[in-house]
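Participant: Take a look at this one; I'll ask things after.
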Amino acid sequence: MSVFGLGAAQREPVLVERLAELTEHHRAACPPYRGILDAVGAAPPYERVVDLPWLPVRLFKTHELRSVPAERVFRVLTSSGTTGQRPSRIFLDREAAAAQTRMLAATLRVVLGERRLPMLVVDSRSVVSDPALSARGAGVLGMMSLGRDHTFVLDEQGRVDTEAVRKFLARHGSERFLVFGFTFMVWLYLRDLGADLTHGVLIHSGGWKRLAEQAVDNAEFRRRLAAECGLSRVHNFYGMVEQIGTIFLEGPDGDGLYCPDFADVVIRDPETWAEAPPGEPGLIEVVSTLPTSYPGHVLLTEDLGVVRGVDDGCWPGRRFEVLGRLPRAEARGCSDTFGRG
């Protein structure tokens, strides 16, 4: 069953009910969160998603926000960042970790199909072997659960492993296979391979800042990969460690990012905090029903975006575009912090 099935009007009451429940759950279980809600006077009932109290995503860098006892914490994820930045810390119990893996798979199944595909990872194996799992490592590890015969494009020193890629394509190049990497690394390394990736399905995310500096937008990214690698099935996604397991996936036509049924976006005017109408840019607020072990269900990001349409694309619901970082906002890490080696 597809997780891209609910139109905006159908989705709203379902999300409001569940997000309101989560707000009260976290109020009871997380004293710092309760203090924030009390300070802003947030209280039910909430009529619409836009009425729910949000947290600035930066709070996860400065506060320990968890809604489970310390002994029930199964995994602590940290955000990537440049040197000197304090990372976000996200606390997952076993149930939350299982749910994020399950729903990530359900979201990507829409474009990958039911079977696990052979997988080419545009990264080094070291990114998933570090005990202190970064956001980039968590992203790679989460995606690896959807593939098989994992082959890394880069060796442990961050150099292209041409022989490993050649052998992978000899085994799987004539059938559908999965390619995953962070956007800038895909741009940096895939085009240099001289390989035919026609049967690949590329899933990529993050790293647009460095591409923007090279005047490469999403349309140019897709055009060049199709021309130089044969990659025509390309899906960007938007997500963050603070809502791990929830991704907003680009449609097949490249016409925007779509919200799965258990999530949504609100674009807020950065001056008034009111909801901006479609076509007007503002700050991206992301909501998801997945965060149960920490209060990350309604988050105001530091990214600028715009809703491009509602119930008018290949999948129902809102489709939106990420325009970049809020000026003076702390740069996110992931692939933007990766050197060429």
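Residues in the structure tokens are named by chain (A, B, ... in the order shown) and by number from 1 within that chain; ligands are numbered from 1 in the order shown.
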List every residue of range 91-335 of chain A that DSSP, applied to the backbone of this structure, assigns to alpha helix (DSSP H), and report them as number ranges by chain.
Facilitator: A: 94-112, 126-129, 135-144, 162-172, 183-185, 208-213, 218-229
Participant: Set out as JSON lines a contact list for range 86-111 of chain A and range 275-296 of chain A with a cut-off of 10 Å, giving each residue of range 86-111 of chain A that qualifies its closest atom pair and distance in Å to one decimal, counting only C-alpha atoms, ordered by chain and rising residue number.
Facilitator:
```
{"residue": "A:Ile90", "atom": "CA", "partner": "A:Tyr294", "partner_atom": "CA", "distance": 7.2}
{"residue": "A:Phe91", "atom": "CA", "partner": "A:Tyr294", "partner_atom": "CA", "distance": 6.3}
{"residue": "A:Leu92", "atom": "CA", "partner": "A:Ser293", "partner_atom": "CA", "distance": 5.6}
{"residue": "A:Asp93", "atom": "CA", "partner": "A:Ser293", "partner_atom": "CA", "distance": 6.2}
{"residue": "A:Arg94", "atom": "CA", "partner": "A:Ser293", "partner_atom": "CA", "distance": 9.2}
{"residue": "A:Glu95", "atom": "CA", "partner": "A:Ser293", "partner_atom": "CA", "distance": 8.4}
{"residue": "A:Ala96", "atom": "CA", "partner": "A:Thr292", "partner_atom": "CA", "distance": 6.2}
{"residue": "A:Ala97", "atom": "CA", "partner": "A:Ser293", "partner_atom": "CA", "distance": 9.1}
{"residue": "A:Ala99", "atom": "CA", "partner": "A:Leu290", "partner_atom": "CA", "distance": 6.9}
{"residue": "A:Gln100", "atom": "CA", "partner": "A:Leu290", "partner_atom": "CA", "distance": 6.6}
{"residue": "A:Met103", "atom": "CA", "partner": "A:Leu290", "partner_atom": "CA", "distance": 8.4}
```
Participant: I'd like the contact shell of range 137-152 of chain A - 6 Å cut-off, only C-alpha atoms, skipping same-chain residues fewer than 3 positions apart - returned as an MDAnalysis selection string.
Facilitator: chainID A and resid 116:121 123:124 127:128 133:134
Participant: Keeping only N, CA and C atoms, write the selected residues to a file as a JSON list (two decimals), in the first residue's frame.
Facilitator:
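Result file is out-v9.json:
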```json
[["chain", "number", "residue", "atom", "x", "y", "z"],
["A", 116, "ARG", "N", 14.31, -6.08, -2.74],
["A", 116, "ARG", "CA", 15.56, -5.37, -2.46],
["A", 116, "ARG", "C", 16.45, -5.43, -3.69],
["A", 117, "LEU", "N", 16.93, -4.28, -4.11],
["A", 117, "LEU", "CA", 17.72, -4.20, -5.33],
["A", 117, "LEU", "C", 19.22, -4.22, -5.02],
["A", 118, "PRO", "N", 20.04, -4.69, -5.95],
["A", 118, "PRO", "CA", 21.49, -4.51, -5.80],
["A", 118, "PRO", "C", 21.78, -3.02, -5.63],
["A", 119, "MET", "N", 22.77, -2.68, -4.80],
["A", 119, "MET", "CA", 22.92, -1.28, -4.37],
["A", 119, "MET", "C", 24.35, -0.78, -4.53],
["A", 120, "LEU", "N", 24.44, 0.36, -5.20],
["A", 120, "LEU", "CA", 25.70, 1.08, -5.37],
["A", 120, "LEU", "C", 25.64, 2.30, -4.44],
["A", 121, "VAL", "N", 26.59, 2.38, -3.51],
["A", 121, "VAL", "CA", 26.60, 3.45, -2.52],
["A", 121, "VAL", "C", 27.70, 4.45, -2.87],
["A", 123, "ASP", "N", 29.70, 6.49, -1.58],
["A", 123, "ASP", "CA", 30.33, 6.86, -0.31],
["A", 123, "ASP", "C", 31.37, 5.81, 0.01],
["A", 124, "SER", "N", 32.01, 5.95, 1.16],
["A", 124, "SER", "CA", 32.99, 4.98, 1.63],
["A", 124, "SER", "C", 32.38, 4.14, 2.74],
["A", 127, "VAL", "N", 31.97, 5.33, 6.50],
["A", 127, "VAL", "CA", 30.92, 6.21, 7.01],
["A", 127, "VAL", "C", 29.91, 5.45, 7.87],
["A", 128, "VAL", "N", 29.78, 4.14, 7.66],
["A", 128, "VAL", "CA", 28.84, 3.35, 8.46],
["A", 128, "VAL", "C", 29.54, 2.51, 9.52],
["A", 133, "LEU", "N", 27.72, 7.19, 15.10],
["A", 133, "LEU", "CA", 27.05, 7.26, 13.79],
["A", 133, "LEU", "C", 26.58, 8.69, 13.52],
["A", 134, "SER", "N", 27.08, 9.27, 12.43],
["A", 134, "SER", "CA", 26.69, 10.62, 12.04],
["A", 134, "SER", "C", 25.38, 10.57, 11.27]]
```
Participant: Select from range 182-279 of chain A every residue with an atom at most 12 Å from any atom of range 43-63 of chain A, then for each give the shortest pair of atoms and their distance in Å to one decimal, using only C-alpha atoms, rows by chain and rising number, as a Markdown table.
Facilitator:
```
| residue | atom | partner | partner_atom | distance |
| --- | --- | --- | --- | --- |
| A:Met240 | CA | A:Val57 | CA | 9.8 |
| A:Val241 | CA | A:Val57 | CA | 10.1 |
| A:Glu242 | CA | A:Val57 | CA | 7.2 |
| A:Gln243 | CA | A:Val57 | CA | 9.7 |
| A:Ala263 | CA | A:Val49 | CA | 10.4 |
| A:Asp264 | CA | A:Val49 | CA | 8.7 |
| A:Val265 | CA | A:Val49 | CA | 9.1 |
| A:Val266 | CA | A:Val50 | CA | 6.8 |
| A:Ile267 | CA | A:Val50 | CA | 9.3 |
| A:Arg268 | CA | A:Val50 | CA | 9.0 |
| A:Trp273 | CA | A:Val50 | CA | 9.9 |
| A:Ala274 | CA | A:Val50 | CA | 8.4 |
| A:Glu275 | CA | A:Val50 | CA | 7.1 |
| A:Ala276 | CA | A:Val50 | CA | 10.6 |
```
Participant: Let's have the selection written as a CSV table (one decimal), in the first residue's frame, with N, CA, C and O atoms.
Facilitator:
```
chain,number,residue,atom,x,y,z
A,240,MET,N,15.9,15.0,7.6
A,240,MET,CA,16.9,15.4,8.6
A,240,MET,C,16.9,14.4,9.8
A,240,MET,O,16.0,13.7,10.0
A,241,VAL,N,18.1,14.4,10.5
A,241,VAL,CA,18.2,13.4,11.5
A,241,VAL,C,17.2,13.7,12.6
A,241,VAL,O,16.8,12.8,13.4
A,242,GLU,N,16.7,15.0,12.8
A,242,GLU,CA,15.8,15.3,13.8
A,242,GLU,C,14.4,14.8,13.6
A,242,GLU,O,13.6,14.8,14.5
A,243,GLN,N,14.2,14.3,12.3
A,243,GLN,CA,12.9,13.5,12.1
A,243,GLN,C,13.3,12.3,11.3
A,243,GLN,O,12.8,12.0,10.2
A,263,ALA,N,3.1,12.6,7.2
A,263,ALA,CA,3.9,13.8,7.4
A,263,ALA,C,3.3,14.9,6.6
A,263,ALA,O,2.4,14.7,5.7
A,264,ASP,N,3.8,16.1,6.8
A,264,ASP,CA,3.4,17.3,6.0
A,264,ASP,C,4.3,18.4,6.2
A,264,ASP,O,5.2,18.3,7.0
A,265,VAL,N,4.2,19.5,5.4
A,265,VAL,CA,5.0,20.7,5.6
A,265,VAL,C,4.0,21.9,5.7
A,265,VAL,O,2.9,21.9,5.2
A,266,VAL,N,4.5,22.9,6.5
A,266,VAL,CA,3.9,24.2,6.6
A,266,VAL,C,5.0,25.2,6.2
A,266,VAL,O,6.1,25.0,6.7
A,267,ILE,N,4.7,26.1,5.3
A,267,ILE,CA,5.6,27.2,5.0
A,267,ILE,C,5.2,28.4,5.8
A,267,ILE,O,4.0,28.9,5.7
A,268,ARG,N,6.1,28.9,6.7
A,268,ARG,CA,5.7,30.1,7.5
A,268,ARG,C,6.4,31.3,7.1
A,268,ARG,O,7.6,31.3,6.8
A,273,TRP,N,5.2,34.6,11.2
A,273,TRP,CA,5.0,33.2,11.6
A,273,TRP,C,3.7,32.6,11.1
A,273,TRP,O,3.4,31.5,11.3
A,274,ALA,N,2.9,33.4,10.3
A,274,ALA,CA,1.6,32.9,9.8
A,274,ALA,C,2.0,31.9,8.6
A,274,ALA,O,3.1,32.0,8.0
A,275,GLU,N,1.0,31.1,8.3
A,275,GLU,CA,1.2,30.2,7.1
A,275,GLU,C,1.3,31.0,5.8
A,275,GLU,O,0.4,31.8,5.6
A,276,ALA,N,2.3,30.8,5.0
A,276,ALA,CA,2.4,31.4,3.7
A,276,ALA,C,1.6,30.6,2.7
A,276,ALA,O,1.6,29.4,2.7
```
Participant: Excluding Trp187 in chain A and any residue of its chain fewer than 4 positions from it, enumerate the residues within 9 Å of it, using only C-alpha atoms, and give them as a list in words.
Facilitator: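 The neighbour list is Phe182, Thr183, Arg191, Asp192, Leu211, Phe221 and Leu225 of chain A.
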Participant: How about saving the chosen residues, C-alpha atoms kept, as a tab-separated table (two decimals), in the first residue's frame?
Facilitator:
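As written to disk, again_28.tsv reads:
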```
chain	number	residue	atom	x	y	z
A	182	PHE	CA	24.39	12.59	-0.99
A	183	THR	CA	23.79	15.04	-3.81
A	191	ARG	CA	29.87	11.58	-13.64
A	192	ASP	CA	33.59	10.73	-13.57
A	211	LEU	CA	26.15	22.77	-6.30
A	221	PHE	CA	21.61	18.00	-12.17
A	225	LEU	CA	23.22	12.72	-15.08
```
Participant: One decimal, in Å: what's the spacing between CA of Cys229 in chain A and CA of Val160 in chain A?
Facilitator: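 Computing it gives 15.7 Å between the two atoms.
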Participant: Would you mind listing what lies within 12 Å of Ala28 in chain A as a PyMOL selection string, with only C-alpha atoms counted and same-chain residues fewer than 2 positions away left out?
Facilitator: chain A and resi 21-26+30-35+37-38+66-68+294-295
Participant: Among the residues of range 197-265 of chain A, find those DSSP assigns to strand (DSSP E) from the backbone and print them as a ChimeraX atom specification.
Facilitator: /A:200-205,233-238,248-250,257-258,263-265
Participant: Excluding same-chain residues fewer than 3 positions from Gly254 in chain A, what lies within 8 Å of it counting only C-alpha atoms, as a list in words?
Facilitator: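 Final neighbour list, sorted by chain and number: Ala219, Val234, His235, Glu250 and Gly251 of chain A.
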Participant: Can you spit out the residues from that selection as a compact mmCIF listing (two decimals), in the first residue's frame, using N, CA and C atoms?
Facilitator:
```txt
# COMPACT_ATOMS: atom_id res chain seq x y z
N ALA A 219 17.25 20.90 -12.15
CA ALA A 219 17.00 20.55 -13.55
C ALA A 219 18.32 20.22 -14.25
N VAL A 234 15.52 9.46 -11.25
CA VAL A 234 16.24 10.21 -10.22
C VAL A 234 15.24 10.80 -9.23
N HIS A 235 15.47 10.57 -7.94
CA HIS A 235 14.57 11.07 -6.90
C HIS A 235 15.39 11.71 -5.79
N GLU A 250 11.01 13.35 -4.01
CA GLU A 250 10.76 13.97 -5.31
C GLU A 250 9.96 13.02 -6.20
N GLY A 251 8.97 13.57 -6.89
CA GLY A 251 8.16 12.77 -7.81
C GLY A 251 8.94 12.38 -9.04
```
Participant: Between A:Arg176, A:Arg223, A:Arg125, A:Arg325, which residue has the minimum interatomic distance to Val153 in chain A, considering only C-alpha atoms?
Facilitator: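 Among the listed residues, the smallest separation from Val153 in chain A belongs to A:Arg125.
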Participant: Leaving out His204 in chain A and any residue of its chain fewer than 2 positions from it, which residues lie within 10 Å of it when counting only C-alpha atoms, given as a list of chain:residue names?
Facilitator: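 After dropping sequence-adjacent residues, the list is A:Val122, A:Val179, A:Phe180, A:Gly181, A:Phe182, A:Thr183, A:Phe184, A:Met185, A:Val186, A:Val201, A:Leu202, A:Gly206, A:Gly207, A:Val234, A:His235, A:Asn236, A:Phe237, A:Tyr238, A:Leu249, A:Glu250.
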Participant: Take CA of Ala9 in chain A and CA of Pro260 in chain A and report the distance between them in Å, one decimal.
Facilitator: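 We find that CA of Ala9 in chain A and CA of Pro260 in chain A lie 13.8 Å from each other.
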Participant: Could you tell me how far CA of Val3 in chain A sits from CA of Thr107 in chain A, in Å to one decimal place?
Facilitator: 6.0 Å
Participant: Please determine, counting only C-alpha atoms, which residue among A:Leu188, A:Gln10, A:Gly113, A:Ala226 has the shortest atom-to-atom distance to Gln214 in chain A.
Facilitator: A:Leu188
